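The structure appears right after this line, and notes come after that.
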Amino acid sequence: MKGQLTTLMLVGQAVAQTPAIFALLIAIMLISIGPTQGTILTTAAMLGAGISIGFGAIGSGMGNGINAEGACFAISREPSTTKEMLTFMLIGQAVGQTPVIFSLVVSLMLMFISFNIPATIIGFCALLAAGISMGLGGIGSGYGNGDTASSACKALADNPEGRAGVLTMMLVGQAVGQTPAIFALLVAFILMFGNYAGPVTLPAAMAVLAAGISMGFGGIGPGIGNGITAASACEAVGYRPEDRGLLMRTMLVAQAVAQSTAIYALVIAFVLIFVV
Amino acid sequence: MDISGADLVRAASFIGAGLAMGLGAIGPGIGEGFVGGKACEAIGRNPDEAGLLTRTMLVAQAVAESTGIYSLVVALLLIFVV
């Protein structure tokens with residue numbers, strides 16, 4: 001038992017390390033592969049890349065750690081589930097990695113793509129805002145997904161027969177909990193590939209920056225909230241697998257309402273980019 | 001690029017709108033998620049009362065939403081009225 005617990009802990013921690021490894025990788029690349037020309041756009045792109053992976057690693061790192069904690073606790077309570085707990089934990093951690101993978105993709109895009117936007121203060125603010133949006137926006141979803149998976153592991157220990165129901169509830173809950181990170185990715189893409197044809201003024205530049213700030217911070221709360229909802233739903237379905245349908249419906253309704261402030265933040269970001 | 005006083009005010013109001021909606025979305029998101037979680041747990045314990053529990057959950061989430069709506073209103077005011 002002790003050996004299996006240590007193994008599970010080490011595997012869980014190894015997966016939880018990966019956001020930090022991504023961040024180290026991007027940091028080394030930023031230091032060593034400098035831009036070929038130090039223009040205003042490459043400056044913003046490098047800053048944005050650092051911010052995107054730097055903040056983006058927070059949520060997934062914490063979430064994966066919490067997931068591993070739930071898995072270890074579960075096998076200590078119910079040692080008969082040890083064989084399948086590793087797979088279960090890894091599935092949960094894989095889905096919980098997605099926000100940091102989005103952040104890594106945005107960082108790499110910012111570093112290596114030459115963008116078709118004007119090399120003015122608007123372009124600077126656009127690329128910086130893309131990094132802020134994806135960096136901060138992924139924190140909530142990463143943490144929330146980890147919380148969900150942790151409760152799912154513990155629910156599996158409570159009711160090993162109901163594994164299909166718990167797995168479904170966990171995956172659906174995590175998928176809906178990803179949505180703030182997807183909004184943040186969407187805003188980052190719109191900022192990177194947008195069409196900035198208007199006059200170059202300070203308000204226009206600050207509007208673009210504010211769009212990134214709005215969606216960035218706006219993704220934190222709903223991501224965490226969705227994760228807490230799905231975590232309790234997984235725990236409940238562990239105790240009462242026969243009420244799966246009812247619990248799934250309630251969880252989806254609750255998550256949809258908790259999503260609403262992320263949608264407000266997305267709307268404000270769109271207004272700032274397109275209307276102003 | 002000449003920066004006039006009016007430009008500075010507009011620029012600051014946009015940053016303010018972004019901060020208002022961004023930071024303002026943190027609290028209601030976590031709070032409503034917590035309410036939803038407890039409702040799911042309660043329905044797990046007592047599925048016969050699902051209708052009552054769902055209604056209570058929605059009322060509670062609507063009240064917790066109110067500060068998020070204040071943030072949205074302030075952000076829209078800062079963008080369009082200032």
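Ordering of the structure tokens sets the chain letters (A, B, ...), residue numbers begin anew at 1 in every chain, and ligands are numbered from 1 in the order given.
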
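Close contacts of segment 11-14 of chain B, defined as residues with an atom at most 6 Å away when counting only C-alpha atoms, with chain neighbours fewer than 4 positions off set aside, comprise Pro203, Met206 and Ala207 of chain A; Leu78 and Ile79 of chain B.
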
Please report, as number ranges by chain, each residue of segment 31-117 of chain A to which DSSP assigns alpha helix (DSSP H) when run on this structure's backbone. A: 31-32, 40-77, 82-96, 98-112

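Residues in contact with Ile3 of chain B at up to 10 Å, not including ones fewer than 3 positions away on its chain and judged by only C-alpha atoms, are Thr201, Leu202 and Pro203 of chain A; Ala6, Asp7 and Leu8 of chain B.
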
Enumerate, in order of chain and increasing residue number, the residues of chain B with an atom no farther than 8 Å from chain A, each with its shortest atom pair and distance in Å to one decimal, counting only C-alpha atoms, as CSV.
residue,atom,partner,partner_atom,distance
B:Met1,CA,A:Thr201,CA,6.8
B:Ile3,CA,A:Leu202,CA,6.9
B:Asp7,CA,A:Pro203,CA,6.0
B:Leu8,CA,A:Pro203,CA,7.1
B:Arg10,CA,A:Pro203,CA,5.6
B:Ala11,CA,A:Pro203,CA,3.9
B:Ala12,CA,A:Met206,CA,7.4
B:Phe14,CA,A:Ala207,CA,5.2
B:Ile15,CA,A:Ala210,CA,4.8
B:Gly16,CA,A:Ala210,CA,7.6
B:Ala17,CA,A:Ala210,CA,7.1
B:Gly18,CA,A:Ser214,CA,4.3
B:Leu19,CA,A:Ser214,CA,5.9
B:Ala20,CA,A:Ser214,CA,7.6
B:Met21,CA,A:Ala265,CA,5.7
B:Gly22,CA,A:Ser214,CA,4.0
B:Leu23,CA,A:Phe217,CA,5.6
B:Gly24,CA,A:Gly218,CA,7.4
B:Ala25,CA,A:Gly218,CA,5.0
B:Ile26,CA,A:Gly221,CA,3.7
B:Gly27,CA,A:Gly221,CA,6.0
B:Pro28,CA,A:Gly221,CA,7.0
B:Gly29,CA,A:Pro222,CA,3.9
B:Ile30,CA,A:Gly225,CA,4.0
B:Gly31,CA,A:Gly225,CA,6.6
B:Glu32,CA,A:Ala258,CA,5.2
B:Gly33,CA,A:Gly225,CA,3.6
B:Phe34,CA,A:Ile228,CA,5.9
B:Val35,CA,A:Thr229,CA,7.6
B:Gly36,CA,A:Ala254,CA,5.0
B:Gly37,CA,A:Thr229,CA,3.7
B:Lys38,CA,A:Ser232,CA,6.7
B:Cys40,CA,A:Ala233,CA,5.2
B:Glu41,CA,A:Ala236,CA,5.3
B:Ile43,CA,A:Leu247,CA,7.2
B:Gly44,CA,A:Ala236,CA,4.8
B:Arg45,CA,A:Ala236,CA,7.5
B:Pro47,CA,A:Asp243,CA,7.3
B:Thr54,CA,A:Thr250,CA,7.1
B:Met57,CA,A:Ala254,CA,7.8
B:Leu58,CA,A:Ala254,CA,7.7
B:Gln61,CA,A:Val257,CA,7.2
B:Glu65,CA,A:Thr261,CA,7.8
B:Gly68,CA,A:Thr261,CA,6.2
B:Leu72,CA,A:Tyr264,CA,6.7
B:Ala75,CA,A:Ile268,CA,7.4
B:Leu76,CA,A:Ile268,CA,7.6
B:Ile79,CA,A:Leu272,CA,7.8

Would you save the residues of that selection, restricted to C-alpha atoms, as a PDB file, in the first residue's frame?
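Result file part18.pdb:
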ATOM      1  CA  MET B   1       0.736  61.532 -31.387  1.00  0.00           C
ATOM      2  CA  ILE B   3      -2.205  63.593 -26.233  1.00  0.00           C
ATOM      3  CA  ASP B   7      -7.747  61.914 -24.690  1.00  0.00           C
ATOM      4  CA  LEU B   8      -6.170  61.084 -21.346  1.00  0.00           C
ATOM      5  CA  ARG B  10     -10.989  58.692 -22.296  1.00  0.00           C
ATOM      6  CA  ALA B  11      -7.982  56.404 -22.167  1.00  0.00           C
ATOM      7  CA  ALA B  12      -8.175  56.173 -18.387  1.00  0.00           C
ATOM      8  CA  PHE B  14     -11.341  52.543 -20.859  1.00  0.00           C
ATOM      9  CA  ILE B  15      -8.722  51.060 -18.569  1.00  0.00           C
ATOM     10  CA  GLY B  16     -11.146  51.609 -15.713  1.00  0.00           C
ATOM     11  CA  ALA B  17     -13.900  49.797 -17.581  1.00  0.00           C
ATOM     12  CA  GLY B  18     -11.638  46.832 -18.218  1.00  0.00           C
ATOM     13  CA  LEU B  19     -10.554  46.665 -14.576  1.00  0.00           C
ATOM     14  CA  ALA B  20     -14.128  47.129 -13.325  1.00  0.00           C
ATOM     15  CA  MET B  21     -15.543  44.244 -15.324  1.00  0.00           C
ATOM     16  CA  GLY B  22     -12.490  42.079 -15.015  1.00  0.00           C
ATOM     17  CA  LEU B  23     -12.032  42.263 -11.264  1.00  0.00           C
ATOM     18  CA  GLY B  24     -15.776  42.470 -10.768  1.00  0.00           C
ATOM     19  CA  ALA B  25     -16.300  39.069 -12.355  1.00  0.00           C
ATOM     20  CA  ILE B  26     -14.135  37.275  -9.794  1.00  0.00           C
ATOM     21  CA  GLY B  27     -16.425  37.413  -6.776  1.00  0.00           C
ATOM     22  CA  PRO B  28     -19.793  36.486  -8.297  1.00  0.00           C
ATOM     23  CA  GLY B  29     -18.174  33.675 -10.273  1.00  0.00           C
ATOM     24  CA  ILE B  30     -16.761  31.993  -7.191  1.00  0.00           C
ATOM     25  CA  GLY B  31     -19.863  32.719  -5.101  1.00  0.00           C
ATOM     26  CA  GLU B  32     -22.358  31.362  -7.606  1.00  0.00           C
ATOM     27  CA  GLY B  33     -20.212  28.314  -8.121  1.00  0.00           C
ATOM     28  CA  PHE B  34     -20.229  27.662  -4.388  1.00  0.00           C
ATOM     29  CA  VAL B  35     -24.044  27.973  -4.302  1.00  0.00           C
ATOM     30  CA  GLY B  36     -24.353  25.578  -7.223  1.00  0.00           C
ATOM     31  CA  GLY B  37     -22.079  23.094  -5.512  1.00  0.00           C
ATOM     32  CA  LYS B  38     -24.073  23.089  -2.309  1.00  0.00           C
ATOM     33  CA  CYS B  40     -25.954  19.683  -6.114  1.00  0.00           C
ATOM     34  CA  GLU B  41     -24.879  18.186  -2.808  1.00  0.00           C
ATOM     35  CA  ILE B  43     -30.089  17.294  -4.259  1.00  0.00           C
ATOM     36  CA  GLY B  44     -27.824  14.299  -3.864  1.00  0.00           C
ATOM     37  CA  ARG B  45     -29.044  13.909  -0.300  1.00  0.00           C
ATOM     38  CA  PRO B  47     -33.631  14.183  -4.712  1.00  0.00           C
ATOM     39  CA  THR B  54     -33.206  24.306  -7.807  1.00  0.00           C
ATOM     40  CA  MET B  57     -30.315  27.887  -5.905  1.00  0.00           C
ATOM     41  CA  LEU B  58     -31.400  30.145  -8.775  1.00  0.00           C
ATOM     42  CA  GLN B  61     -27.329  32.883  -7.596  1.00  0.00           C
ATOM     43  CA  GLU B  65     -24.986  38.087  -9.434  1.00  0.00           C
ATOM     44  CA  GLY B  68     -21.452  41.473 -11.195  1.00  0.00           C
ATOM     45  CA  LEU B  72     -21.148  45.645 -15.925  1.00  0.00           C
ATOM     46  CA  ALA B  75     -18.010  49.441 -17.185  1.00  0.00           C
ATOM     47  CA  LEU B  76     -20.618  50.402 -19.769  1.00  0.00           C
ATOM     48  CA  ILE B  79     -17.083  53.312 -21.975  1.00  0.00           C
TER      49      ILE B  79
END

Can you list, as a list in words, every protein, DNA or RNA residue that comes within 6 Å of Ile139 of chain A when you count only C-alpha atoms, leaving out same-chain residues fewer than 5 positions away?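 After dropping sequence-adjacent residues, the list is Gly56, Ile58, Gly59 and Ile220 of chain A.
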
Print the selection's residues with C-alpha atoms to a file, as a JSON list (two decimals), in the first residue's frame.
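New file part-v4.json:
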[["chain", "number", "residue", "atom", "x", "y", "z"],
["A", 56, "GLY", "CA", -1.29, 30.65, -17.15],
["A", 58, "ILE", "CA", -0.70, 29.08, -11.90],
["A", 59, "GLY", "CA", -4.16, 27.60, -12.30],
["A", 220, "ILE", "CA", -10.71, 33.76, -12.92]]

Take atom CA of Ala188 of chain A and atom CA of Ala149 of chain A and report the distance between them in Å, one decimal.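 Interatomic distance here is 27.1 Å.
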
Nearest residue to Gln17 of chain A from the set A:Thr98, A:Ser52, A:Ser60, A:Thr42 (distances using only C-alpha atoms):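 Result for the nearest residue to Gln17 of chain A: A:Ser60.
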
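Using only C-alpha atoms, the shortest contact distance between Val82 of chain B and any of B:Val9, B:Asp48, B:Asp2, B:Val59 is found at B:Val9.
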
Take atom CA of Ala155 of chain A and atom CA of Ser76 of chain A and report the distance between them in Å, one decimal. 13.0 Å

Quick one: distance from atom CA of Phe112 of chain A to atom CA of Ser32 of chain A in Å, one decimal?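 Here the two named atoms are 13.5 Å from each other.
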
Who sits within 12 Å of Leu5 of chain A, only C-alpha atoms, same chain under 4 positions skipped, as a compact mmCIF listing (two decimals) with C-alpha atoms, in the first residue's frame:
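Final output, part_3.txt:
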# COMPACT_ATOMS: atom_id res chain seq x y z
CA MET A 1 0.00 0.00 0.00
CA MET A 9 1.88 10.81 -5.45
CA LEU A 10 5.00 10.97 -7.59
CA VAL A 11 3.11 10.52 -10.85
CA GLY A 12 0.61 13.16 -9.82
CA ALA A 68 -3.35 14.30 -7.11
CA GLU A 69 -4.29 15.02 -3.49
CA GLY A 70 -7.81 13.73 -4.09
CA ALA A 71 -6.50 10.59 -5.78
CA CYS A 72 -4.07 9.79 -2.95
CA PHE A 73 -6.75 10.40 -0.32
CA ALA A 74 -9.15 8.18 -2.25
CA ILE A 75 -6.84 5.17 -2.44
CA SER A 76 -6.01 5.49 1.23
CA ARG A 77 -9.71 5.25 2.00
CA GLU A 78 -10.50 2.51 -0.48
CA PRO A 79 -7.39 0.53 -1.45
CA THR A 81 -9.56 1.18 -6.32
CA THR A 82 -5.79 1.60 -6.56
CA LYS A 83 -5.42 0.04 -10.01
CA MET A 85 -7.18 5.43 -9.70
CA LEU A 86 -4.00 6.17 -11.64

Just the residues within 7 Å of Ala45 of chain A, please, counting only C-alpha atoms, with nothing from its chain fewer than 6 positions along; format it as a list in words.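 Those residues are Leu110, Met111, Leu127 and Leu128 of chain A.
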